[in-house]
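Participant: So here's coords08.cif (mmCIF, C-alpha atoms).
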data_start
#
loop_
_atom_site.group_PDB
_atom_site.id
_atom_site.type_symbol
_atom_site.label_atom_id
_atom_site.label_comp_id
_atom_site.auth_asym_id
_atom_site.auth_seq_id
_atom_site.Cartn_x
_atom_site.Cartn_y
_atom_site.Cartn_z
ATOM 1 C CA GLY A 1 243.964 92.617 136.075
ATOM 2 C CA ASN A 2 247.349 91.352 137.123
ATOM 3 C CA ALA A 3 247.768 87.859 135.715
ATOM 4 C CA ALA A 4 251.030 87.364 137.617
ATOM 5 C CA LEU A 5 249.832 88.486 141.067
ATOM 6 C CA SER A 6 251.510 86.193 143.629
ATOM 7 C CA SER A 7 250.174 87.724 146.839
ATOM 8 C CA GLY A 8 247.507 90.115 148.012
ATOM 9 C CA THR A 9 244.074 90.691 146.537
ATOM 10 C CA GLN A 10 242.976 92.688 143.546
ATOM 11 C CA ALA A 11 239.482 93.919 142.705
ATOM 12 C CA ILE A 12 238.487 94.216 139.064
ATOM 13 C CA ASN A 13 235.251 96.081 138.347
ATOM 14 C CA ILE A 14 233.711 96.125 134.887
ATOM 15 C CA GLY A 15 230.712 98.378 134.376
ATOM 16 C CA THR A 16 230.095 98.755 138.120
ATOM 17 C CA ASN A 17 227.666 101.658 138.564
ATOM 18 C CA ASN A 18 225.500 102.142 141.622
ATOM 19 C CA THR A 19 224.582 105.746 140.811
ATOM 20 C CA ALA A 20 220.842 106.373 140.713
ATOM 21 C CA GLY A 21 219.651 106.886 137.136
ATOM 22 C CA GLY A 22 222.752 105.319 135.650
ATOM 23 C CA THR A 23 222.588 102.577 132.989
ATOM 24 C CA THR A 24 225.445 100.270 132.020
ATOM 25 C CA LYS A 25 225.568 97.674 129.252
ATOM 26 C CA VAL A 26 228.453 95.187 129.360
ATOM 27 C CA THR A 27 229.297 92.725 126.575
ATOM 28 C CA ILE A 28 232.028 90.119 127.020
ATOM 29 C CA GLY A 29 233.075 87.807 124.210
ATOM 30 C CA THR A 30 232.494 87.593 120.481
ATOM 31 C CA SER A 31 229.161 88.123 118.775
ATOM 32 C CA SER A 32 227.280 85.908 116.335
ATOM 33 C CA THR A 33 229.015 87.452 113.325
ATOM 34 C CA ALA A 34 232.490 86.367 114.469
ATOM 35 C CA THR A 35 234.115 83.276 112.985
ATOM 36 C CA GLY A 36 234.921 81.777 116.394
ATOM 37 C CA GLY A 37 235.968 82.415 119.963
ATOM 38 C CA THR A 38 235.356 81.161 123.484
ATOM 39 C CA THR A 39 234.436 82.911 126.727
ATOM 40 C CA THR A 40 235.446 81.506 130.111
ATOM 41 C CA ILE A 41 234.234 82.735 133.477
ATOM 42 C CA GLN A 42 236.205 81.159 136.286
ATOM 43 C CA SER A 43 237.232 81.604 139.887
ATOM 44 C CA LYS A 44 239.123 79.723 142.557
ATOM 45 C CA GLY A 45 236.065 79.811 144.812
ATOM 46 C CA THR A 46 232.326 80.270 144.373
ATOM 47 C CA THR A 47 231.065 82.012 141.234
ATOM 48 C CA SER A 48 227.765 83.904 141.236
ATOM 49 C CA ILE A 49 225.593 85.490 138.556
ATOM 50 C CA ARG A 50 223.488 88.312 139.974
ATOM 51 C CA THR A 51 220.482 90.360 138.867
ATOM 52 C CA ASN A 52 219.346 93.379 140.875
ATOM 53 C CA ASN A 53 222.104 92.505 143.365
ATOM 54 C CA VAL A 54 220.602 89.045 144.067
ATOM 55 C CA ALA A 55 222.649 85.879 143.388
ATOM 56 C CA ARG A 56 220.313 84.109 140.948
ATOM 57 C CA ALA A 57 222.847 81.425 139.988
ATOM 58 C CA THR A 58 225.694 80.288 142.236
ATOM 59 C CA PHE A 59 228.339 77.721 141.287
ATOM 60 C CA ASP A 60 230.247 76.295 144.253
ATOM 61 C CA THR A 61 233.509 74.357 144.190
ATOM 62 C CA SER A 62 231.807 70.974 144.701
ATOM 63 C CA GLY A 63 230.035 70.869 141.344
ATOM 64 C CA ASN A 64 226.701 72.242 142.591
ATOM 65 C CA LEU A 65 224.557 74.947 140.972
ATOM 66 C CA TYR A 66 222.189 76.841 143.251
ATOM 67 C CA LEU A 67 219.345 78.759 141.583
ATOM 68 C CA GLY A 68 217.247 81.405 143.272
ATOM 69 C CA ASN A 69 219.068 83.367 145.954
ATOM 70 C CA GLY A 70 222.566 82.097 146.662
ATOM 71 C CA THR A 71 223.491 78.874 148.464
ATOM 72 C CA THR A 72 221.334 79.747 151.500
ATOM 73 C CA SER A 73 218.837 82.501 152.190
ATOM 74 C CA THR A 74 217.133 84.126 155.164
ATOM 75 C CA GLY A 75 213.758 84.118 153.368
ATOM 76 C CA THR A 76 211.696 81.834 151.155
ATOM 77 C CA GLY A 77 210.902 82.235 147.489
ATOM 78 C CA THR A 78 210.414 80.476 144.173
ATOM 79 C CA PHE A 79 212.613 80.031 141.128
ATOM 80 C CA THR A 80 211.450 78.994 137.671
ATOM 81 C CA LEU A 81 213.575 77.331 135.028
ATOM 82 C CA GLN A 82 211.777 77.529 131.685
ATOM 83 C CA GLY A 83 212.252 77.639 127.941
ATOM 84 C CA THR A 84 211.915 80.774 125.826
ATOM 85 C CA GLY A 85 208.343 81.947 125.343
ATOM 86 C CA GLY A 86 206.686 82.887 122.059
ATOM 87 C CA GLY A 87 205.805 86.379 123.313
ATOM 88 C CA THR A 88 203.249 88.113 121.104
ATOM 89 C CA ASN A 89 204.365 86.157 118.025
ATOM 90 C CA ASN A 90 202.264 83.399 116.488
ATOM 91 C CA ILE A 91 204.710 80.647 117.500
ATOM 92 C CA ALA A 92 204.928 77.914 120.130
ATOM 93 C CA GLY A 93 207.137 78.248 123.181
ATOM 94 C CA TYR A 94 210.552 76.617 123.155
ATOM 95 C CA ALA A 95 210.882 73.036 124.370
ATOM 96 C CA LEU A 96 213.101 72.475 127.408
ATOM 97 C CA THR A 97 215.033 69.233 127.933
ATOM 98 C CA MET A 98 216.974 68.192 131.032
ATOM 99 C CA ARG A 99 219.017 65.025 130.778
ATOM 100 C CA GLY A 100 222.053 63.260 132.186
ATOM 101 C CA GLY A 101 225.381 63.173 130.407
ATOM 102 C CA THR A 102 226.051 60.944 127.400
ATOM 103 C CA GLY A 103 228.161 57.886 128.120
ATOM 104 C CA GLY A 104 231.684 57.716 126.718
ATOM 105 C CA SER A 105 232.123 56.000 123.352
ATOM 106 C CA GLY A 106 235.323 54.182 124.308
ATOM 107 C CA GLY A 107 235.571 50.439 124.933
ATOM 108 C CA THR A 108 232.388 48.391 124.596
ATOM 109 C CA GLY A 109 230.156 51.319 125.558
ATOM 110 C CA ASN A 110 229.372 53.220 128.742
ATOM 111 C CA VAL A 111 226.112 53.969 130.519
ATOM 112 C CA GLY A 112 224.606 57.448 130.318
ATOM 113 C CA GLY A 113 224.333 59.660 133.386
ATOM 114 C CA VAL A 114 221.341 59.420 135.733
ATOM 115 C CA LEU A 115 218.909 62.348 136.021
ATOM 116 C CA THR A 116 217.393 62.752 139.482
ATOM 117 C CA LEU A 117 214.530 65.132 140.268
ATOM 118 C CA GLN A 118 214.154 65.401 144.033
ATOM 119 C CA GLY A 119 212.583 67.792 146.496
ATOM 120 C CA GLY A 120 214.717 69.535 149.073
ATOM 121 C CA ASN A 121 215.800 67.736 152.235
ATOM 122 C CA GLY A 122 214.184 68.691 155.517
ATOM 123 C CA ALA A 123 216.409 70.017 158.291
ATOM 124 C CA GLY A 124 216.256 70.574 162.018
ATOM 125 C CA THR A 125 214.439 68.250 164.411
ATOM 126 C CA ASN A 126 211.273 67.406 162.450
ATOM 127 C CA GLY A 127 211.694 69.011 159.041
ATOM 128 C CA GLY A 128 209.631 67.504 156.234
ATOM 129 C CA GLY A 129 211.072 66.758 152.808
ATOM 130 C CA GLY A 130 210.093 68.891 149.840
ATOM 131 C CA GLY A 131 207.691 67.483 147.238
ATOM 132 C CA VAL A 132 208.034 67.041 143.484
ATOM 133 C CA THR A 133 205.234 68.103 141.130
ATOM 134 C CA LEU A 134 205.114 67.048 137.464
ATOM 135 C CA ASP A 135 202.337 68.717 135.516
ATOM 136 C CA ALA A 136 201.458 70.049 132.091
ATOM 137 C CA GLY A 137 201.025 73.766 131.422
ATOM 138 C CA THR A 138 197.750 75.631 131.709
ATOM 139 C CA ILE A 139 195.516 76.125 128.670
ATOM 140 C CA THR A 140 193.538 79.056 127.366
ATOM 141 C CA GLY A 141 190.057 78.828 125.891
ATOM 142 C CA THR A 142 189.449 75.466 124.204
ATOM 143 C CA GLY A 143 193.132 74.546 123.999
ATOM 144 C CA THR A 144 194.160 70.905 124.365
ATOM 145 C CA ARG A 145 195.458 69.815 127.741
ATOM 146 C CA GLY A 146 199.073 68.685 127.763
ATOM 147 C CA THR A 147 200.274 65.145 128.460
ATOM 148 C CA VAL A 148 202.544 63.979 131.264
ATOM 149 C CA ALA A 149 204.414 60.996 129.786
ATOM 150 C CA LEU A 150 206.562 58.664 131.884
ATOM 151 C CA GLY A 151 208.849 56.200 130.131
ATOM 152 C CA THR A 152 206.956 56.278 126.818
ATOM 153 C CA THR A 153 209.983 56.174 124.509
ATOM 154 C CA ASN A 154 213.229 54.696 125.843
ATOM 155 C CA ALA A 155 212.509 53.365 129.353
ATOM 156 C CA GLY A 156 213.001 49.655 130.047
ATOM 157 C CA ALA A 157 211.032 49.863 133.309
ATOM 158 C CA VAL A 158 208.893 52.444 135.096
ATOM 159 C CA ASN A 159 208.700 52.208 138.889
ATOM 160 C CA ILE A 160 206.285 54.293 140.964
ATOM 161 C CA GLY A 161 206.249 54.400 144.767
ATOM 162 C CA ASN A 162 207.847 52.312 147.495
ATOM 163 C CA THR A 163 206.804 50.311 150.553
ATOM 164 C CA ASN A 164 206.743 53.469 152.675
ATOM 165 C CA SER A 165 204.462 55.556 150.454
ATOM 166 C CA ALA A 166 200.838 55.502 149.300
ATOM 167 C CA VAL A 167 200.209 55.693 145.535
ATOM 168 C CA THR A 168 197.016 57.121 144.035
ATOM 169 C CA ILE A 169 196.206 57.014 140.305
ATOM 170 C CA GLN A 170 193.272 59.311 139.563
ATOM 171 C CA GLY A 171 191.356 59.730 136.317
ATOM 172 C CA ASN A 172 188.567 62.001 135.132
ATOM 173 C CA GLY A 173 184.864 61.134 134.721
ATOM 174 C CA THR A 174 185.043 59.634 131.206
ATOM 175 C CA ALA A 175 184.765 56.018 130.071
ATOM 176 C CA SER A 176 188.544 55.829 129.563
ATOM 177 C CA ALA A 177 189.494 57.635 132.792
ATOM 178 C CA VAL A 178 192.141 55.135 133.934
ATOM 179 C CA SER A 179 193.552 52.486 131.605
ATOM 180 C CA VAL A 180 196.190 49.879 132.495
ATOM 181 C CA GLN A 181 197.378 48.020 129.433
ATOM 182 C CA ALA A 182 200.009 45.476 128.424
ATOM 183 C CA ALA A 183 201.410 44.729 124.990
ATOM 184 C CA ALA A 184 200.288 41.611 123.119
ATOM 185 C CA SER A 185 200.880 38.454 125.214
ATOM 186 C CA GLY A 186 201.851 40.650 128.178
ATOM 187 C CA THR A 187 200.685 40.183 131.769
ATOM 188 C CA ILE A 188 199.175 42.766 134.114
ATOM 189 C CA SER A 189 199.884 41.824 137.728
ATOM 190 C CA VAL A 190 198.117 43.324 140.751
ATOM 191 C CA GLY A 191 199.204 42.368 144.252
ATOM 192 C CA THR A 192 201.636 39.657 143.111
ATOM 193 C CA ALA A 193 204.633 40.683 145.226
ATOM 194 C CA ASN A 194 205.761 38.328 148.004
ATOM 195 C CA ALA A 195 203.999 40.279 150.764
ATOM 196 C CA ASN A 196 201.941 38.579 153.479
ATOM 197 C CA ASN A 197 198.493 39.690 154.703
ATOM 198 C CA THR A 198 197.809 42.026 151.794
ATOM 199 C CA THR A 199 194.342 43.032 150.588
ATOM 200 C CA VAL A 200 193.422 43.787 146.988
ATOM 201 C CA THR A 201 190.207 45.804 146.724
ATOM 202 C CA ILE A 202 188.477 46.510 143.411
ATOM 203 C CA GLY A 203 185.550 48.886 143.571
ATOM 204 C CA ASN A 204 184.231 51.319 146.180
ATOM 205 C CA THR A 205 183.512 49.711 149.558
ATOM 206 C CA ALA A 206 182.973 52.788 151.749
ATOM 207 C CA ASN A 207 180.427 55.036 149.989
ATOM 208 C CA ALA A 208 176.793 54.876 148.852
ATOM 209 C CA VAL A 209 177.514 54.843 145.111
ATOM 210 C CA ALA A 210 176.299 52.870 142.093
ATOM 211 C CA GLN A 211 179.071 51.084 140.252
ATOM 212 C CA THR A 212 179.606 48.405 137.622
ATOM 213 C CA ILE A 213 182.660 46.134 137.817
ATOM 214 C CA ASN A 214 183.417 44.024 134.756
ATOM 215 C CA VAL A 215 185.907 41.150 134.973
ATOM 216 C CA GLY A 216 186.738 39.508 131.648
ATOM 217 C CA TYR A 217 183.553 40.936 130.110
ATOM 218 C CA ASN A 218 183.914 40.832 126.322
ATOM 219 C CA ASN A 219 181.052 40.582 123.813
ATOM 220 C CA THR A 220 183.262 40.927 120.735
ATOM 221 C CA ALA A 221 182.704 38.157 118.185
ATOM 222 C CA SER A 222 185.395 35.422 118.165
ATOM 223 C CA SER A 223 186.907 36.668 121.421
ATOM 224 C CA THR A 224 187.908 34.228 124.172
ATOM 225 C CA THR A 225 188.312 34.992 127.877
ATOM 226 C CA ASN A 226 189.352 32.688 130.716
ATOM 227 C CA VAL A 227 188.596 33.914 134.239
ATOM 228 C CA ASN A 228 189.996 32.188 137.318
ATOM 229 C CA LEU A 229 188.767 33.041 140.810
ATOM 230 C CA GLY A 230 189.988 31.664 144.105
ATOM 231 C CA ASN A 231 192.584 29.240 145.416
ATOM 232 C CA LEU A 232 192.269 25.471 145.946
ATOM 233 C CA LEU A 233 194.905 25.270 148.657
ATOM 234 C CA SER A 234 194.584 25.041 152.446
ATOM 235 C CA THR A 235 191.726 27.052 153.995
ATOM 236 C CA SER A 236 191.314 29.485 151.080
ATOM 237 C CA ALA A 237 187.746 30.740 150.663
ATOM 238 C CA THR A 238 185.886 32.328 147.733
ATOM 239 C CA LEU A 239 182.688 34.318 148.313
ATOM 240 C CA ILE A 240 180.301 35.394 145.538
ATOM 241 C CA GLN A 241 177.353 37.350 146.845
ATOM 242 C CA GLY A 242 174.649 39.690 145.664
ATOM 243 C CA GLY A 243 172.095 42.080 147.103
ATOM 244 C CA THR A 244 168.364 41.613 147.684
ATOM 245 C CA GLY A 245 167.120 41.893 144.097
ATOM 246 C CA ALA A 246 165.524 39.136 142.033
ATOM 247 C CA THR A 247 168.719 38.735 139.989
ATOM 248 C CA ALA A 248 171.143 39.245 142.864
ATOM 249 C CA VAL A 249 173.468 36.452 141.702
ATOM 250 C CA ALA A 250 173.333 35.036 138.180
ATOM 251 C CA ILE A 251 175.601 32.363 136.676
ATOM 252 C CA GLN A 252 175.227 32.147 132.905
ATOM 253 C CA SER A 253 176.878 30.395 129.984
ATOM 254 C CA GLY A 254 176.739 31.047 126.284
ATOM 255 C CA THR A 255 174.620 29.044 123.855
ATOM 256 C CA SER A 256 175.316 25.299 124.279
ATOM 257 C CA GLY A 257 177.684 26.116 127.140
ATOM 258 C CA THR A 258 177.989 24.082 130.345
ATOM 259 C CA ILE A 259 177.981 25.259 133.939
ATOM 260 C CA GLY A 260 179.963 22.873 136.092
ATOM 261 C CA ILE A 261 179.903 22.850 139.895
ATOM 262 C CA ALA A 262 182.477 20.712 141.730
ATOM 263 C CA THR A 263 183.284 18.733 138.583
ATOM 264 C CA ALA A 264 187.088 18.931 138.604
ATOM 265 C CA ASN A 265 188.328 18.487 142.165
ATOM 266 C CA ARG A 266 185.504 16.547 143.834
ATOM 267 C CA ALA A 267 184.097 18.502 146.748
ATOM 268 C CA ASN A 268 183.223 16.685 149.957
ATOM 269 C CA THR A 269 180.092 18.778 150.289
ATOM 270 C CA VAL A 270 178.076 20.985 147.912
ATOM 271 C CA GLN A 271 175.372 22.973 149.675
ATOM 272 C CA ILE A 272 172.649 24.803 147.762
ATOM 273 C CA GLY A 273 170.020 26.725 149.698
#
Give the structure from this file in structure tokens form.

Facilitator:
Amino acid sequence: GNAALSSGTQAINIGTNNTAGGTTKVTIGTSSTATGGTTTIQSKGTTSIRTNNVARATFDTSGNLYLGNGTTSTGTGTFTLQGTGGGTNNIAGYALTMRGGTGGSGGTGNVGGVLTLQGGNGAGTNGGGGGVTLDAGTITGTGTRGTVALGTTNAGAVNIGNTNSAVTIQGNGTASAVSVQAAASGTISVGTANANNTTVTIGNTANAVAQTINVGYNNTASSTTNVNLGNLLSTSATLIQGGTGATAVAIQSGTSGTIGIATANRANTVQIG
């Protein structure tokens, strides 16, 4: 091409062949046996990488990369970004990492770049926003299911949901289906935000199911558990109730333990029966 072209337009075709039955292989840049070299693909405007005459990757002039079928398309489709597979070899597939940029090392240190995964924006009058799905890969035979890990290594905080969305955490049918844990001396808080008229429900209240709910239940030797229920202030009420069985409500203490009723803040009235 003309590197000094000051006006007009020039077209440079490398390996362009639209003839049926024709095959063209084009290599640009140095190979792995060279001692060095760089390859730059640049344009003043949008740059596209095409396969089968479809723009699979499009770089615009605003720093955006569009994957799939150009910047806009008249049809719908899917695009997959994935690591190299193992093929028929006895090896694992390649790992794929997406991350923000590393902060600059100058001064006292600089924060790393943020990575945002977000569904597409809706458009038109009532267009819905696109969703985001995080999932492990499928298994074959008796293979082990993958793990979806959020903030397990470097995160200082993990936030899920907002005041405009519903959040569901679902487990399987095993004894350890859903586990919420804190480190030693940590606190697990449920419904502690400064929100009025909230309801915290533990257990199924809408279906005919059998369930066991344990609160502070620990039979391990030398263990100690303190359980506080209710609020002493204003018109707060605490209700403990059972069904119609002979042991509908049972209050027990350990050996030599004491059961105290209205022994701390003297109640005006204690009604039994």

Participant: Report the distance between atom CA of Thr46 of chain A and atom CA of Thr72 of chain A in Å, rounded to one decimal place.

Facilitator: 13.1 Å

Participant: As a PDB file with C-alpha atoms, in the frame of the given file, please: the residues near Asn2 of chain A (cut-off 12 Å, only C-alpha atoms, same-chain neighbours under 5 positions excluded).

Facilitator:
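The resulting file, result26.pdb, is shown below:
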ATOM      1  CA  SER A   7     250.174  87.724 146.839  1.00  0.00           C
ATOM      2  CA  GLY A   8     247.507  90.115 148.012  1.00  0.00           C
ATOM      3  CA  THR A   9     244.074  90.691 146.537  1.00  0.00           C
ATOM      4  CA  GLN A  10     242.976  92.688 143.546  1.00  0.00           C
ATOM      5  CA  ALA A  11     239.482  93.919 142.705  1.00  0.00           C
ATOM      6  CA  ILE A  12     238.487  94.216 139.064  1.00  0.00           C
TER       7      ILE A  12
END

Participant: Report, in Å to a single decimal, how far apart atom CA of Thr102 of chain A and atom CA of Lys44 of chain A are.

Facilitator: 27.4 Å

Participant: May I ask for the distance between atom CA of Ile240 of chain A and atom CA of Asn214 of chain A, given in Å to one decimal place?

Facilitator: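 According to the coordinates, atom CA of Ile240 of chain A and atom CA of Asn214 of chain A are separated by 14.2 Å.
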
Participant: Please enumerate the residues selected by the PyMOL selection byres ((chain A and resi 223-238) around 12) when evaluated against the supplied file, formatted as a ChimeraX atom specification.

Facilitator: /A:214-222,239-241,254,262,264-267

Participant: Find the spatial neighbours of segment 37-41 of chain A, counting all atoms listed in the file, within a cut-off of 12 Å - ignore same-chain residues fewer than 6 positions away - and output them as a list in words.

Facilitator: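 So the residues in contact are Thr27, Ile28, Gly29, Thr30, Ser31, Thr47, Ser48, Ile49 and Phe59 of chain A.
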
Participant: Could you write out the selected residues, including C-alpha atoms, as an mmCIF file, keeping the file's coordinate frame?

Facilitator:
data_model
loop_
_atom_site.group_PDB
_atom_site.id
_atom_site.type_symbol
_atom_site.label_atom_id
_atom_site.label_comp_id
_atom_site.auth_asym_id
_atom_site.auth_seq_id
_atom_site.Cartn_x
_atom_site.Cartn_y
_atom_site.Cartn_z
ATOM 1 C CA THR A 27 229.297 92.725 126.575
ATOM 2 C CA ILE A 28 232.028 90.119 127.020
ATOM 3 C CA GLY A 29 233.075 87.807 124.210
ATOM 4 C CA THR A 30 232.494 87.593 120.481
ATOM 5 C CA SER A 31 229.161 88.123 118.775
ATOM 6 C CA THR A 47 231.065 82.012 141.234
ATOM 7 C CA SER A 48 227.765 83.904 141.236
ATOM 8 C CA ILE A 49 225.593 85.490 138.556
ATOM 9 C CA PHE A 59 228.339 77.721 141.287
#

Participant: Using the chain letters and numbers from the file, give me the residues hit by the PyMOL selection byres ((chain A and resi 99) around 10), as a ChimeraX atom specification.

Facilitator: /A:97-98,100-102,112-116

Participant: For segment 116-120 of chain A, I'd like the enclosing box, axis-aligned and padded by 5 Å on every side, reported as lines of an AutoDock Vina configuration file with centre and edge lengths in Å to one decimal.

Facilitator:
center_x = 215.0
center_y = 66.1
center_z = 144.3
size_x = 14.8
size_y = 16.8
size_z = 19.6

Participant: Which residues are close to Asn18 of chain A, i.e. within 12 Å by only C-alpha atoms, leaving aside same-chain residues fewer than 5 positions away? Reply as a ChimeraX atom specification.

Facilitator: /A:13,23-24,52-53

Participant: I need the output of the PyMOL selection byres ((chain A and resi 147-160) around 12) for this file as a CSV table (one decimal) with C-alpha atoms, in the frame of the given file; which residues are they?

Facilitator:
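File produced: selection_35.csv:
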chain,number,residue,atom,x,y,z
A,133,THR,CA,205.2,68.1,141.1
A,134,LEU,CA,205.1,67.0,137.5
A,135,ASP,CA,202.3,68.7,135.5
A,136,ALA,CA,201.5,70.0,132.1
A,137,GLY,CA,201.0,73.8,131.4
A,138,THR,CA,197.8,75.6,131.7
A,139,ILE,CA,195.5,76.1,128.7
A,144,THR,CA,194.2,70.9,124.4
A,145,ARG,CA,195.5,69.8,127.7
A,146,GLY,CA,199.1,68.7,127.8
A,161,GLY,CA,206.2,54.4,144.8
A,162,ASN,CA,207.8,52.3,147.5
A,163,THR,CA,206.8,50.3,150.6
A,164,ASN,CA,206.7,53.5,152.7
A,165,SER,CA,204.5,55.6,150.5
A,166,ALA,CA,200.8,55.5,149.3
A,167,VAL,CA,200.2,55.7,145.5
A,168,THR,CA,197.0,57.1,144.0
A,169,ILE,CA,196.2,57.0,140.3

Participant: Leaving out Thr212 of chain A and any residue of its chain fewer than 3 positions from it, which residues lie within 12 Å of it when counting all atoms listed in the file, given as a PyMOL selection string?

Facilitator: chain A and resi 175+202-204+209+215+217
